[in-house]
>>> print(open('structure_32.cif').read())   # mmCIF, C-alpha atoms
data_query
#
loop_
_atom_site.label_atom_id
_atom_site.label_comp_id
_atom_site.auth_asym_id
_atom_site.auth_seq_id
_atom_site.Cartn_x
_atom_site.Cartn_y
_atom_site.Cartn_z
CA MET A 1 -0.20 -7.30 -48.04
CA ALA A 2 -1.26 -4.87 -45.30
CA ARG A 3 1.32 -2.53 -43.85
CA THR A 4 2.03 -2.87 -40.14
CA LYS A 5 3.77 0.52 -39.95
CA PRO A 6 4.09 3.55 -42.21
CA SER A 7 6.70 3.52 -44.93
CA ALA A 8 9.63 5.86 -44.35
CA ASN A 9 8.54 7.88 -47.40
CA VAL A 10 4.81 7.94 -46.71
CA ALA A 11 3.18 10.18 -44.12
CA PRO A 12 0.94 8.44 -41.57
CA ARG A 13 -2.72 8.50 -42.47
CA ARG A 14 -4.64 11.13 -40.53
CA GLY A 15 -7.94 10.42 -38.92
CA PRO A 16 -11.12 12.13 -40.10
CA ILE A 17 -11.53 15.81 -39.29
CA CYS A 18 -14.76 16.12 -37.38
CA PHE A 19 -16.88 19.20 -36.70
CA ASP A 20 -17.85 19.66 -33.07
CA PRO A 21 -21.37 21.16 -33.02
CA ASN A 22 -20.94 22.07 -29.35
CA LYS A 23 -17.91 24.27 -30.01
CA PRO A 24 -18.98 27.81 -30.97
CA MET A 25 -17.65 29.19 -34.24
CA ARG A 26 -15.16 32.04 -33.84
CA PRO A 27 -16.42 35.09 -35.73
CA THR A 28 -13.87 36.24 -38.28
CA ARG A 29 -15.54 38.77 -40.55
CA ARG A 30 -13.86 42.15 -40.79
CA ALA A 31 -15.88 43.90 -43.49
CA VAL A 32 -19.60 43.39 -44.00
CA PHE A 33 -20.86 44.66 -47.35
CA GLY A 34 -24.49 45.69 -47.60
CA ALA A 35 -26.44 46.91 -50.60
CA ASP A 36 -25.43 50.52 -49.98
CA ASN A 37 -23.05 50.54 -47.03
CA VAL A 38 -19.99 48.90 -45.49
CA GLU A 39 -19.58 47.88 -41.85
CA LEU A 40 -16.20 47.25 -40.24
CA TRP A 41 -16.07 44.83 -37.29
CA GLY A 42 -13.48 44.47 -34.54
CA TYR A 43 -13.15 41.92 -31.76
CA PRO A 44 -11.64 43.40 -28.57
CA SER A 45 -9.98 41.13 -26.03
CA ARG A 46 -12.32 42.47 -23.35
CA GLY A 47 -15.31 41.04 -25.19
CA GLY A 48 -18.19 42.35 -27.24
CA ILE A 49 -17.83 43.65 -30.79
CA VAL A 50 -16.81 47.05 -32.12
CA VAL A 51 -18.72 48.04 -35.26
CA LEU A 52 -18.23 51.06 -37.50
CA GLY A 53 -21.35 51.38 -39.62
CA ASN A 54 -21.46 53.22 -42.94
CA ALA A 55 -17.69 53.34 -43.31
CA GLY A 56 -16.69 55.73 -46.07
CA ALA A 57 -13.65 56.44 -48.21
CA ALA A 58 -12.24 58.83 -45.58
CA ASP A 59 -12.44 56.13 -42.91
CA ILE A 60 -10.72 53.60 -45.16
CA GLU A 61 -7.96 56.14 -45.79
CA PHE A 62 -7.62 56.80 -42.04
CA LEU A 63 -7.08 53.07 -41.47
CA GLY A 64 -4.40 52.99 -44.17
CA TRP A 65 -6.30 50.50 -46.31
CA ASP A 66 -6.57 50.09 -50.05
CA PRO A 67 -10.30 50.46 -50.85
CA VAL A 68 -9.93 47.90 -53.62
CA ASN A 69 -8.50 45.27 -51.27
CA ILE A 70 -10.24 45.71 -47.92
CA PRO A 71 -9.32 43.00 -45.37
CA LEU A 72 -12.15 40.53 -44.93
CA SER A 73 -11.02 38.68 -41.80
CA ARG A 74 -10.01 39.58 -38.25
CA ASP A 75 -6.36 39.65 -37.23
CA ASP A 76 -4.98 36.41 -35.80
CA ASN A 77 -2.87 38.46 -33.39
CA GLN A 78 -5.11 39.72 -30.57
CA GLU A 79 -2.85 42.65 -29.73
CA ALA A 80 -3.10 43.83 -33.32
CA GLU A 81 -6.85 43.25 -33.20
CA ASP A 82 -7.13 45.43 -30.10
CA GLU A 83 -5.23 48.21 -31.86
CA PHE A 84 -7.64 47.97 -34.77
CA CYS A 85 -10.58 48.23 -32.35
CA LYS A 86 -9.08 51.39 -30.86
CA SER A 87 -8.85 52.89 -34.36
CA LEU A 88 -12.50 52.06 -35.04
CA LEU A 89 -13.53 53.73 -31.78
CA LEU A 90 -11.65 56.88 -32.84
CA LEU A 91 -13.81 56.89 -35.97
CA GLY A 92 -17.02 56.79 -33.95
CA ALA A 93 -17.69 53.05 -33.87
CA GLY A 94 -20.06 51.53 -31.32
CA TRP A 95 -18.99 48.91 -28.78
CA TYR A 96 -21.77 46.36 -28.36
CA ASP A 97 -22.16 43.71 -25.68
CA SER A 98 -22.27 40.86 -28.20
CA GLU A 99 -22.94 40.07 -31.83
CA GLU A 100 -26.42 38.95 -30.81
CA ARG A 101 -27.12 42.30 -29.15
CA TYR A 102 -25.88 44.20 -32.19
CA GLU A 103 -28.04 42.18 -34.57
CA PHE A 104 -31.04 42.80 -32.31
CA LEU A 105 -30.45 46.55 -32.48
CA VAL A 106 -30.22 46.32 -36.27
CA ASN A 107 -33.58 44.56 -36.30
CA ILE A 108 -35.06 47.31 -34.12
CA ALA A 109 -33.72 49.98 -36.48
CA GLU A 110 -35.32 48.12 -39.39
CA ASN A 111 -38.68 47.93 -37.56
CA ASP A 112 -38.64 44.16 -37.27
CA GLU A 113 -41.99 43.29 -35.68
CA GLU A 114 -40.68 40.44 -33.55
CA ALA A 115 -37.86 42.56 -32.12
CA LEU A 116 -40.21 45.49 -31.45
CA LEU A 117 -42.63 43.16 -29.68
CA GLN A 118 -39.84 41.91 -27.42
CA VAL A 119 -39.08 45.50 -26.42
CA ARG A 120 -42.73 46.39 -25.84
CA ASN A 121 -43.17 43.31 -23.66
CA GLY A 122 -40.07 44.16 -21.66
CA ASP A 123 -38.33 40.93 -22.68
CA VAL A 124 -35.28 42.71 -24.09
CA PRO A 125 -33.97 46.16 -23.10
CA MET A 126 -34.36 48.92 -25.67
CA ALA A 127 -31.27 50.59 -27.08
CA THR A 128 -29.35 52.75 -24.63
CA LYS A 129 -28.40 56.25 -25.70
CA LYS A 130 -24.84 55.11 -26.44
CA GLU A 131 -26.09 52.18 -28.51
CA ARG A 132 -28.41 54.25 -30.67
CA LEU A 133 -26.17 57.30 -31.05
CA TRP A 134 -25.40 58.56 -34.57
CA VAL A 135 -21.71 59.54 -34.55
CA ARG A 136 -19.40 60.79 -37.28
CA VAL A 137 -15.77 61.72 -36.64
CA GLY A 138 -13.22 63.54 -38.77
CA TRP A 139 -9.49 63.91 -38.18
CA PRO A 140 -8.11 66.88 -40.17
CA SER A 141 -4.64 66.71 -41.64
CA GLY A 142 -1.97 68.71 -39.86
CA SER A 143 -3.88 68.82 -36.58
CA THR A 144 -4.01 66.81 -33.36
CA GLY A 145 -7.66 67.72 -32.88
CA PHE A 146 -10.78 66.28 -34.45
CA TRP A 147 -14.40 67.03 -35.34
CA VAL A 148 -17.40 65.11 -34.01
CA ALA A 149 -21.11 65.23 -34.86
CA GLU A 150 -23.43 63.33 -32.51
CA PHE A 151 -27.20 62.97 -32.67
CA ASP A 152 -29.69 60.68 -31.00
CA ASN A 153 -30.81 58.23 -33.68
CA THR A 154 -34.58 58.42 -34.00
CA VAL A 155 -34.84 55.31 -36.20
CA PHE A 156 -35.32 53.38 -32.98
CA GLY A 157 -38.95 54.45 -32.80
CA PRO A 158 -41.33 56.91 -31.11
CA LEU A 159 -40.10 56.04 -27.60
CA PHE A 160 -37.62 58.88 -27.94
CA TYR A 161 -38.20 62.56 -28.56
CA GLU A 162 -34.69 63.80 -29.14
CA PRO A 163 -33.73 66.10 -32.05
CA GLN A 164 -33.78 64.28 -35.36
CA LEU A 165 -30.77 63.82 -37.62
CA PRO A 166 -29.95 66.81 -39.82
CA SER A 167 -31.41 66.59 -43.30
CA ARG A 168 -27.87 66.63 -44.74
CA SER A 169 -26.44 63.94 -42.45
CA GLY A 170 -25.98 61.58 -45.39
CA GLN A 171 -23.56 64.04 -47.01
CA VAL A 172 -20.83 62.83 -44.64
CA SER A 173 -20.56 59.59 -46.61
CA LEU A 174 -19.61 61.57 -49.74
CA ALA A 175 -16.34 62.81 -48.23
CA ARG A 176 -13.34 61.56 -50.20
CA ASN A 177 -10.84 62.29 -47.43
CA MET A 178 -10.71 63.35 -43.81
CA ASP A 179 -10.41 67.07 -44.54
CA GLU A 180 -13.63 67.00 -46.56
CA LYS A 181 -15.30 64.95 -43.84
CA CYS A 182 -14.28 67.52 -41.23
CA HIS A 183 -15.76 70.38 -43.29
CA ILE A 184 -19.06 68.53 -43.62
CA ILE A 185 -19.18 67.65 -39.92
CA GLU A 186 -18.48 71.30 -39.05
CA SER A 187 -21.37 72.35 -41.30
CA LEU A 188 -23.63 70.02 -39.30
CA ASP A 189 -22.81 72.01 -36.15
CA GLY A 190 -20.27 69.45 -35.06
CA SER A 191 -17.87 70.06 -32.19
CA PHE A 192 -14.10 70.40 -32.38
CA TYR A 193 -11.89 68.86 -29.69
CA PRO A 194 -8.18 69.78 -29.44
CA SER A 195 -7.29 66.25 -28.32
CA ILE A 196 -8.91 62.93 -27.47
CA ASP A 197 -8.48 63.79 -23.77
CA ASP A 198 -10.84 66.74 -24.25
CA TYR A 199 -13.67 64.65 -25.67
CA ASP A 200 -16.72 64.70 -23.37
CA GLY A 201 -19.41 63.46 -25.73
CA VAL A 202 -21.70 60.45 -25.44
CA GLY A 203 -19.94 58.18 -27.94
CA PHE A 204 -17.41 55.42 -27.39
CA LEU A 205 -14.33 57.34 -28.58
CA ARG A 206 -12.59 57.06 -25.20
CA ALA A 207 -14.20 53.79 -24.15
CA TRP A 208 -10.92 51.88 -24.21
CA GLU A 209 -9.82 53.86 -21.17
CA HIS A 210 -12.63 52.61 -18.93
CA LYS A 211 -15.01 50.13 -20.55
CA TYR A 212 -14.95 46.66 -19.00
CA HIS A 213 -18.70 46.01 -18.86
CA GLY A 214 -21.46 46.02 -21.45
CA GLU A 215 -24.34 48.44 -21.80
CA ILE A 216 -26.99 46.02 -20.54
CA GLY A 217 -24.92 43.04 -19.41
CA PRO A 218 -21.42 41.55 -19.62
CA LEU A 219 -19.16 41.92 -22.64
CA VAL A 220 -19.35 38.53 -24.36
CA ALA A 221 -16.00 37.18 -25.54
CA VAL A 222 -15.97 36.22 -29.22
#
>>> encode(input="structure_32.cif", output="structure tokens")
Amino acid sequence: MARTKPSANVAPRRGPICFDPNKPMRPTRRAVFGADNVELWGYPSRGGIVVLGNAGAADIEFLGWDPVNIPLSRDDNQEAEDEFCKSLLLLGAGWYDSEERYEFLVNIAENDEEALLQVRNGDVPMATKKERLWVRVGWPSGSTGFWVAEFDNTVFGPLFYEPQLPSRSGQVSLARNMDEKCHIIESLDGSFYPSIDDYDGVGFLRAWEHKYHGEIGPLVAV
């Protein structure tokens, strides 16, 4: 006999859970593992994405993480997520207009023919100096200051004639802690700043103070 109402001890049957193809998926990835590098992603409330490429052991230590158990998903609390984004910026992360823009820049750096053709044809703007900047930051123990090395990244092609990266730039990734990272950055002719307020470089380290617009368009909320 068919029931006309749910039993007191049986939960009502739920309807089917449907996927809405018109509703965009909310990006959640925190750590992106490549063949030889790790990227850390943040999702600021103002929009866009904050990405720290080539994160090393010193950066993981700075964030207070266990390198064996790196978080894989974004924080559900947006205030906490914003604080994480600020920490990434202090490590030299870039703040990109959108995930799509960031992926396009990655394709340019990897000499993707389709992406390069779009730039040559003027369909998509080439990387701005901030977007293509190579930045490494070290925060020494027992100090309020920090070390920064910044170079224009020539992997974006022959359109730029800035100084190339130092031949030892990859040594930064070998640092086991922030003090070692600072020594390496100093050896690359990096600059020391007594405080974040003194920073006058090209990178995004102080972007949280003033950035409300993207590099080539609006900051896209994700």
>>> resolve_selection(input="structure_32.cif", expression="the PyMOL selection byres ((chain A and resi 119-129) around 10)", output="ChimeraX atom specification")
/A:101-102,104-105,108-109,113-118,130-134,151-153,156,159-160,202-203,215-216
>>> closest_residue(input="structure_32.cif", among="A:Ile60, A:Leu89, A:Leu52, A:Ala31", to="Phe204 (chain A)", atoms="only C-alpha atoms")
A:Leu89
>>> closest_residue(input="structure_32.cif", among="A:Glu39, A:Gly138, A:Leu219, A:Thr144", to="Val172 (chain A)", atoms="only C-alpha atoms")
A:Gly138
>>> resolve_selection(input="structure_32.cif", expression="the PyMOL selection byres ((chain A and resi 59) around 12)", output="number ranges by chain")
A: 38-40, 52-58, 60-67, 70, 87-93, 136-140, 172-182
>>> write_last_selection(input="structure_32.cif", atoms="C-alpha atoms", output="PDB file, keeping the file's coordinate frame")
ATOM      1  CA  VAL A  38     -19.990  48.900 -45.490  1.00  0.00           C
ATOM      2  CA  GLU A  39     -19.580  47.880 -41.850  1.00  0.00           C
ATOM      3  CA  LEU A  40     -16.200  47.250 -40.240  1.00  0.00           C
ATOM      4  CA  LEU A  52     -18.230  51.060 -37.500  1.00  0.00           C
ATOM      5  CA  GLY A  53     -21.350  51.380 -39.620  1.00  0.00           C
ATOM      6  CA  ASN A  54     -21.460  53.220 -42.940  1.00  0.00           C
ATOM      7  CA  ALA A  55     -17.690  53.340 -43.310  1.00  0.00           C
ATOM      8  CA  GLY A  56     -16.690  55.730 -46.070  1.00  0.00           C
ATOM      9  CA  ALA A  57     -13.650  56.440 -48.210  1.00  0.00           C
ATOM     10  CA  ALA A  58     -12.240  58.830 -45.580  1.00  0.00           C
ATOM     11  CA  ILE A  60     -10.720  53.600 -45.160  1.00  0.00           C
ATOM     12  CA  GLU A  61      -7.960  56.140 -45.790  1.00  0.00           C
ATOM     13  CA  PHE A  62      -7.620  56.800 -42.040  1.00  0.00           C
ATOM     14  CA  LEU A  63      -7.080  53.070 -41.470  1.00  0.00           C
ATOM     15  CA  GLY A  64      -4.400  52.990 -44.170  1.00  0.00           C
ATOM     16  CA  TRP A  65      -6.300  50.500 -46.310  1.00  0.00           C
ATOM     17  CA  ASP A  66      -6.570  50.090 -50.050  1.00  0.00           C
ATOM     18  CA  PRO A  67     -10.300  50.460 -50.850  1.00  0.00           C
ATOM     19  CA  ILE A  70     -10.240  45.710 -47.920  1.00  0.00           C
ATOM     20  CA  SER A  87      -8.850  52.890 -34.360  1.00  0.00           C
ATOM     21  CA  LEU A  88     -12.500  52.060 -35.040  1.00  0.00           C
ATOM     22  CA  LEU A  89     -13.530  53.730 -31.780  1.00  0.00           C
ATOM     23  CA  LEU A  90     -11.650  56.880 -32.840  1.00  0.00           C
ATOM     24  CA  LEU A  91     -13.810  56.890 -35.970  1.00  0.00           C
ATOM     25  CA  GLY A  92     -17.020  56.790 -33.950  1.00  0.00           C
ATOM     26  CA  ALA A  93     -17.690  53.050 -33.870  1.00  0.00           C
ATOM     27  CA  ARG A 136     -19.400  60.790 -37.280  1.00  0.00           C
ATOM     28  CA  VAL A 137     -15.770  61.720 -36.640  1.00  0.00           C
ATOM     29  CA  GLY A 138     -13.220  63.540 -38.770  1.00  0.00           C
ATOM     30  CA  TRP A 139      -9.490  63.910 -38.180  1.00  0.00           C
ATOM     31  CA  PRO A 140      -8.110  66.880 -40.170  1.00  0.00           C
ATOM     32  CA  VAL A 172     -20.830  62.830 -44.640  1.00  0.00           C
ATOM     33  CA  SER A 173     -20.560  59.590 -46.610  1.00  0.00           C
ATOM     34  CA  LEU A 174     -19.610  61.570 -49.740  1.00  0.00           C
ATOM     35  CA  ALA A 175     -16.340  62.810 -48.230  1.00  0.00           C
ATOM     36  CA  ARG A 176     -13.340  61.560 -50.200  1.00  0.00           C
ATOM     37  CA  ASN A 177     -10.840  62.290 -47.430  1.00  0.00           C
ATOM     38  CA  MET A 178     -10.710  63.350 -43.810  1.00  0.00           C
ATOM     39  CA  ASP A 179     -10.410  67.070 -44.540  1.00  0.00           C
ATOM     40  CA  GLU A 180     -13.630  67.000 -46.560  1.00  0.00           C
ATOM     41  CA  LYS A 181     -15.300  64.950 -43.840  1.00  0.00           C
ATOM     42  CA  CYS A 182     -14.280  67.520 -41.230  1.00  0.00           C
TER      43      CYS A 182
END
>>> closest_residue(input="structure_32.cif", among="A:Gly94, A:Pro71, A:Gly170, A:Gly145", to="Asp36 (chain A)", atoms="all atoms listed in the file")
A:Gly170
>>> closest_residue(input="structure_32.cif", among="A:Gln164, A:Ser169, A:Ser143, A:Gln78", to="Tyr193 (chain A)", atoms="only C-alpha atoms")
A:Ser143
>>> atom_distance(input="structure_32.cif", atom1="CA of Gly47 (chain A)", atom2="CA of Tyr212 (chain A)")
8.4 Å
>>> atom_distance(input="structure_32.cif", atom1="CA of Pro218 (chain A)", atom2="CA of Gly48 (chain A)")
8.3 Å
>>> closest_residue(input="structure_32.cif", among="A:Glu209, A:His183, A:Gln171, A:Glu83", to="Ser141 (chain A)", atoms="all atoms listed in the file")
A:His183
>>> closest_residue(input="structure_32.cif", among="A:Ser45, A:Leu72, A:Lys86, A:Gly190", to="Ala207 (chain A)", atoms="only C-alpha atoms")
A:Lys86
>>> axis_aligned_box(input="structure_32.cif", around="region 181-200 of chain A", padding_each_side="8 Å", output="lines of an AutoDock Vina configuration file")
center_x = -15.5
center_y = 67.6
center_z = -33.6
size_x = 32.3
size_y = 25.4
size_z = 36.5
>>> atom_distance(input="structure_32.cif", atom1="CA of Glu99 (chain A)", atom2="CA of Asp75 (chain A)")
17.4 Å
